[in-house]
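Q: Below you will find the structure I want to go over with you.
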Amino acid sequence: MKNSIVINADVEKGTINRNIYGHFAEHLGRCIYEGIWVGEDSPIPNTKGIRNDVLEALKQINIPVLRWPGGCFADEYHWKDGIGPRSERKRMVNTHWGGVVENNHFGTHEFMLLCELLDCEPYICGNVGSGTVQEMSEWVEYMTFDGESPMANWRGENGRQEPWNVKYFGVGNENWGCGGNMRPEYYADLYRRYQTYVRNYGDNKIYKIAGGANVDDYNWTEVLMREAGRLMDGLSLHYYTIPGEFWTGKGSATNFPEDEWFITMQKALHMDELITKHGTIMDKYDPEKRVGMIIDEWGTWFDVEQGTNPGFLYQQNTIRDALVAAVHFHIFQKHSDRVQMTNIAQTVNVLQAMVLTEGDKMILTPTYHVFDMYKVHQDATLLSVDATVGSYKYNDQEVPQVTVSASKDKDGKVNISLCNIDHKESASLSIQLRGIAEQISSLTGTILTADTIDAHNTFEQPEVVIPTEFTQASIENDQLDVTLPPMSVVLLTIG
Ligand code: AHR
């Protein structure tokens, strides 16, 4: 079947919030320690303790916002343990993640430095599960108060006179689970209380994010919006793509049968339904769409790599992960009237990572390349797209074979991203470009694809899955003909 797509370049649907391309880095496994922080005395080249190779790789993908310190870790984290001279910082056990010793060498100052070096917004997640209102309130004061105050003075003593700008602040994480096992009614009340003391000091205006639902817990969203909607700027949602079962076997990241490819795509596409249904509840209480949906944990979650600490959540990353990322971005962009931020889990060495490290070596994952290709969509204008596409069938099930999204950048260039999630069949596309025909002067394309469903980059072969020039597109007047190879992500730019 010839898939037929119309890009309505003259029908604009609002701005794609750059924060949709956000990230998440937790004190978990080798994400922070080794993946980002190696310390100033490390033989691995670093900038004030942050490894340079990872820094440079992450700068390239224009990370707009970075969530920290967790995750589950956030509701056990006591920020005062992570400031002052590093040699004197308290050591604790990271009970959630591997039971390893956390030396608190990467704390508030180090995280803010990382954000400055990456030129991204910090998104801090506060501790509701085991922390006090005072502790949360003082953290905000420590970071953002300008002038004379106990916390601002302390910040100065620790070497930082100027306050930082902290825009995004989460009031707890997964408070239905690792963040306190609460009922939504109870958490809604706690949210109301804690957020009262998350103050705006000076010009720093905080965007407050309430801990949201797990997957399809629509009641959580209902209760939070009803009881606390007017006191929040954002409400989170967590959903991971897991081909198997969470507790009994999630499936391997690299060694998986064909049906797990299909199931993975099907489960990635489920994000659309979740956003639609949670969004409908939000619409009931917030028809103006003032409150953002903040999908601050998403991505693939597979079994850990053999021989690695089960609590470190280290997994490889294949062309399948790249397609999962692309499918998600198309969905997020479609819902960009409500989805104001998303944060893939996680940036380095954990779950669906951008980069993997081994000692002083680093490789870029297929997912990294999707973020790199798709950065053109950040802050661009979403365009209306009408798509009639065929099905990708597997046994008695089917999903759309192709997903698409398009945007116009500030220079008027149109970027169309496409993915063919079928691992066997190519897809022929007939794309009509409405509303720009007489202005078209150039067409360029980039493709990320592979020959096998498990293709991935390794420290020995780091360039098995990398973007290359895409040549299977031709344009005549307003008609674009494209052939997408199986399991491919393509970005077309029309100037
Ligand atoms: O990203 C890993 C963990 O998944 C996070 O710590 C937690 O919030 C979620 O359950």
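Labels used: A, B, ... for chains in the order of the structure tokens, numbers from 1 for residues in each chain, and numbers from 1 for ligands as shown.
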Might you pull out every residue within 12 Å of Thr221 in chain A, with only C-alpha atoms counted and same-chain residues fewer than 2 positions away left off, and present them as number ranges by chain?
A: A: 176, 183-185, 187-188, 210-219, 223-229, 234-238, 274-275, 277-285, 291, 293
Q: Can you pull out every residue within 8 Å of Tyr392 in chain A, counting only C-alpha atoms, but drop anything in the same chain fewer than 6 positions away, and send it as a VMD selection string?
A: chain A and resid 398 to 401 421 to 422
Q: Running DSSP on the backbone, which parts of range 373-470 of chain A land in strand (DSSP E or B), as number ranges by chain?
A: A: 381-388, 391-394, 397-400, 402-408, 414-420, 427-434, 443-449, 456, 468-469
Q: Please write the residues from the selection above to a file, keeping C-alpha atoms, as a CSV table (one decimal), in the first residue's frame.
A:
```csv
chain,number,residue,atom,x,y,z
A,381,THR,CA,6.2,25.4,15.1
A,382,LEU,CA,4.2,22.2,14.9
A,383,LEU,CA,2.5,21.7,11.5
A,384,SER,CA,-0.7,19.9,10.9
A,385,VAL,CA,-0.2,16.5,9.3
A,386,ASP,CA,-2.9,14.2,7.7
A,387,ALA,CA,-1.6,10.7,7.4
A,388,THR,CA,-3.3,7.6,5.9
A,391,SER,CA,-0.4,-1.5,8.9
A,392,TYR,CA,2.5,-3.3,10.3
A,393,LYS,CA,1.0,-6.7,11.0
A,394,TYR,CA,2.3,-9.4,13.2
A,397,GLN,CA,-2.2,-7.9,15.5
A,398,GLU,CA,-1.5,-4.7,13.7
A,399,VAL,CA,-0.2,-1.2,14.3
A,400,PRO,CA,0.4,1.7,11.9
A,402,VAL,CA,4.7,4.7,9.7
A,403,THR,CA,4.5,7.5,12.1
A,404,VAL,CA,5.3,11.1,11.2
A,405,SER,CA,5.6,14.6,12.6
A,406,ALA,CA,6.5,17.9,11.0
A,407,SER,CA,7.6,21.4,12.1
A,408,LYS,CA,8.7,24.7,10.7
A,414,VAL,CA,10.2,22.5,7.2
A,415,ASN,CA,11.5,19.4,9.0
A,416,ILE,CA,9.7,16.2,8.5
A,417,SER,CA,10.5,13.2,10.7
A,418,LEU,CA,9.3,9.7,9.7
A,419,CYS,CA,9.8,6.3,11.1
A,420,ASN,CA,9.0,2.9,9.7
A,427,ALA,CA,7.3,1.8,3.1
A,428,SER,CA,6.6,3.9,0.1
A,429,LEU,CA,5.3,7.3,0.9
A,430,SER,CA,3.6,9.9,-1.2
A,431,ILE,CA,3.8,13.2,0.7
A,432,GLN,CA,2.0,16.3,-0.4
A,433,LEU,CA,3.6,19.5,0.8
A,434,ARG,CA,0.7,21.9,1.1
A,443,LEU,CA,15.7,18.9,0.1
A,444,THR,CA,18.2,17.1,2.4
A,445,GLY,CA,17.8,13.9,4.4
A,446,THR,CA,19.3,11.9,7.1
A,447,ILE,CA,18.6,8.3,8.0
A,448,LEU,CA,19.2,6.0,10.9
A,449,THR,CA,18.7,2.3,10.1
A,456,HIS,CA,23.9,-1.7,18.3
A,468,THR,CA,23.9,8.6,7.1
A,469,GLU,CA,22.7,10.7,4.2
```
Q: Please, which residues have at least one atom within 7 Å of an atom of ligand 1, using only C-alpha atoms and all ligand atoms, listed as a list in words?
A: Glu26, Gly70, Gly71, Cys72, Phe73, Asn173, Glu174, Glu297, Ala345 and Gln346 of chain A
Q: Write a file of the selected residues as a compact mmCIF listing (two decimals), in the first residue's frame, keeping C-alpha atoms.
A:
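Produced file again32.txt, reproduced below:
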```
# COMPACT_ATOMS: atom_id res chain seq x y z
CA GLU A 26 19.58 9.86 38.81
CA GLY A 70 15.92 10.99 41.11
CA GLY A 71 13.65 9.08 40.66
CA CYS A 72 13.25 6.92 43.71
CA PHE A 73 16.54 8.30 44.99
CA ASN A 173 8.54 11.37 42.84
CA GLU A 174 6.30 8.34 42.35
CA GLU A 297 10.22 9.27 33.03
CA ALA A 345 15.27 7.72 31.56
CA GLN A 346 18.19 8.05 31.73
```
Q: Considering only alpha helix (DSSP H) as DSSP defines it on the backbone, what residues of range 284-468 of chain A qualify? List them as a list in words.
A: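 Output for range 284-468 of chain A, alpha helix (DSSP H) only: Lys284, Tyr285, Ile319, Arg320, Asp321, Ala322, Leu323, Val324, Ala325, Ala326, Val327, His328, Phe329, His330, Ile331, Phe332, Gln333, Lys334, Pro366, Thr367, Tyr368, His369, Val370, Phe371, Asp372, Met373 and Tyr374 of chain A.
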Q: If you count only C-alpha atoms, which residues fall within 7 Å of Gly311 in chain A, apart from same-chain ones fewer than 4 positions away, as a tab-separated table (two decimals) with all heavy atoms, in the first residue's frame?
A:
```
chain	number	residue	atom	x	y	z
A	29	GLY	N	23.18	3.42	39.75
A	29	GLY	CA	24.18	2.70	38.99
A	29	GLY	C	25.33	3.62	38.59
A	29	GLY	O	25.85	4.38	39.39
A	97	TRP	N	19.08	1.52	44.89
A	97	TRP	CA	19.81	1.13	43.70
A	97	TRP	C	21.14	0.45	44.03
A	97	TRP	O	22.18	1.09	44.08
A	97	TRP	CB	20.01	2.35	42.79
A	97	TRP	CG	18.71	3.00	42.44
A	97	TRP	CD1	18.33	4.27	42.72
A	97	TRP	CD2	17.59	2.39	41.77
A	97	TRP	NE1	17.06	4.51	42.26
A	97	TRP	CE2	16.58	3.37	41.67
A	97	TRP	CE3	17.34	1.13	41.24
A	97	TRP	CZ2	15.34	3.11	41.07
A	97	TRP	CZ3	16.10	0.87	40.65
A	97	TRP	CH2	15.13	1.86	40.56
A	98	GLY	N	21.05	-0.84	44.31
A	98	GLY	CA	22.25	-1.67	44.43
A	98	GLY	C	22.87	-1.69	45.81
A	98	GLY	O	23.85	-2.40	46.04
```
Q: Separation of CA of Asp451 in chain A and CA of Ile331 in chain A, in Å?
A: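 Taking CA of Asp451 in chain A and CA of Ile331 in chain A, their separation equals 25.7 Å.
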Q: Go through A:Met143, A:Ile209, A:Pro69, A:His423 one by one, measure the shortest atom-to-atom distance of each to Phe262 in chain A using only C-alpha atoms, and give the residue with the smallest value.
A: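 Of A:Met143, A:Ile209, A:Pro69, A:His423, the one nearest Phe262 in chain A, counting only C-alpha atoms, is A:His423.
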Q: Could you tell me how far CA of Pro150 in chain A sits from CA of Trp164 in chain A, in Å to one decimal place?
A: 15.9 Å
Q: May I ask for the distance between CA of Thr248 in chain A and CA of Phe302 in chain A, given in Å to one decimal place?
A: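 These two atoms are separated by 11.3 Å.
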Q: Per residue of range 220-258 of chain A within 10 Å of range 312-320 of chain A, note the shortest atom pair and the distance in Å to one decimal, counting only C-alpha atoms, and order the rows by chain and increasing residue number, as JSON lines.
A:
```
{"residue": "A:Ser252", "atom": "CA", "partner": "A:Gln315", "partner_atom": "CA", "distance": 8.4}
{"residue": "A:Ala253", "atom": "CA", "partner": "A:Gln316", "partner_atom": "CA", "distance": 5.7}
{"residue": "A:Thr254", "atom": "CA", "partner": "A:Gln316", "partner_atom": "CA", "distance": 6.7}
```
Q: Please produce an output containing all heavy atoms for each residue in the selection, written as an mmCIF file, in the first residue's frame.
A:
```cif
data_model
loop_
_atom_site.group_PDB
_atom_site.id
_atom_site.type_symbol
_atom_site.label_atom_id
_atom_site.label_comp_id
_atom_site.auth_asym_id
_atom_site.auth_seq_id
_atom_site.Cartn_x
_atom_site.Cartn_y
_atom_site.Cartn_z
ATOM 1 N N SER A 252 15.322 -9.098 26.889
ATOM 2 C CA SER A 252 16.710 -8.651 26.719
ATOM 3 C C SER A 252 16.763 -7.430 25.811
ATOM 4 O O SER A 252 15.968 -7.294 24.878
ATOM 5 C CB SER A 252 17.522 -9.791 26.114
ATOM 6 O OG SER A 252 18.718 -9.306 25.570
ATOM 7 N N ALA A 253 17.758 -6.584 26.060
ATOM 8 C CA ALA A 253 17.928 -5.385 25.217
ATOM 9 C C ALA A 253 18.437 -5.743 23.828
ATOM 10 O O ALA A 253 18.158 -5.022 22.862
ATOM 11 C CB ALA A 253 18.901 -4.419 25.888
ATOM 12 N N THR A 254 19.184 -6.842 23.715
ATOM 13 C CA THR A 254 19.810 -7.159 22.424
ATOM 14 C C THR A 254 19.428 -8.525 21.865
ATOM 15 O O THR A 254 19.435 -8.721 20.658
ATOM 16 C CB THR A 254 21.352 -7.137 22.564
ATOM 17 O OG1 THR A 254 21.703 -7.958 23.678
ATOM 18 C CG2 THR A 254 21.887 -5.736 22.755
#
```
Q: Please report as a Markdown table every residue of range 35-116 of chain A lying within 12 Å of range 354-362 of chain A, along with the nearest atom pair and their distance in Å (one decimal), using only C-alpha atoms.
A:
```
| residue | atom | partner | partner_atom | distance |
| --- | --- | --- | --- | --- |
| A:Gly35 | CA | A:Thr357 | CA | 6.2 |
| A:Ile36 | CA | A:Thr357 | CA | 9.4 |
| A:Trp37 | CA | A:Thr357 | CA | 11.7 |
| A:Val38 | CA | A:Asp360 | CA | 9.9 |
| A:Ser42 | CA | A:Asp360 | CA | 9.9 |
| A:Pro43 | CA | A:Asp360 | CA | 8.4 |
| A:Ile44 | CA | A:Asp360 | CA | 5.8 |
| A:Pro45 | CA | A:Asp360 | CA | 8.6 |
| A:Asn46 | CA | A:Asp360 | CA | 10.7 |
| A:Arg51 | CA | A:Asp360 | CA | 9.1 |
| A:Asn52 | CA | A:Asp360 | CA | 10.3 |
| A:Asp53 | CA | A:Met362 | CA | 7.2 |
| A:Val54 | CA | A:Met362 | CA | 7.3 |
| A:Leu55 | CA | A:Val355 | CA | 10.4 |
| A:Glu56 | CA | A:Met362 | CA | 11.2 |
| A:Ala57 | CA | A:Val355 | CA | 8.0 |
| A:Leu58 | CA | A:Met354 | CA | 8.2 |
| A:Lys59 | CA | A:Met354 | CA | 11.8 |
| A:Gln60 | CA | A:Met354 | CA | 11.5 |
| A:Ile61 | CA | A:Met354 | CA | 9.7 |
| A:Ile63 | CA | A:Met354 | CA | 11.1 |
```
Q: Write out as a VMD selection string each polymer residue whose atoms come within 10 Å of Ser336 in chain A, counting only C-alpha atoms; drop sequence neighbours fewer than 5 positions from it.
A: chain A and resid 13 to 17 20 292 to 293 330 to 331 341 382
Q: Skip Pro257 in chain A itself and residues of its chain fewer than 6 positions away, then list as a list in words all residues within 10 Å of it, counting only C-alpha atoms.
A: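 My list of contacting residues is Gly251, Ile453 and Asp454 of chain A.
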Q: Given only C-alpha atoms as the basis, pick out the residue of A:Gly99, A:Gly49, A:Gly84, A:Gly129 nearest to Ile32 in chain A.
A: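 Of all the options, A:Gly49 lies closest to Ile32 in chain A.
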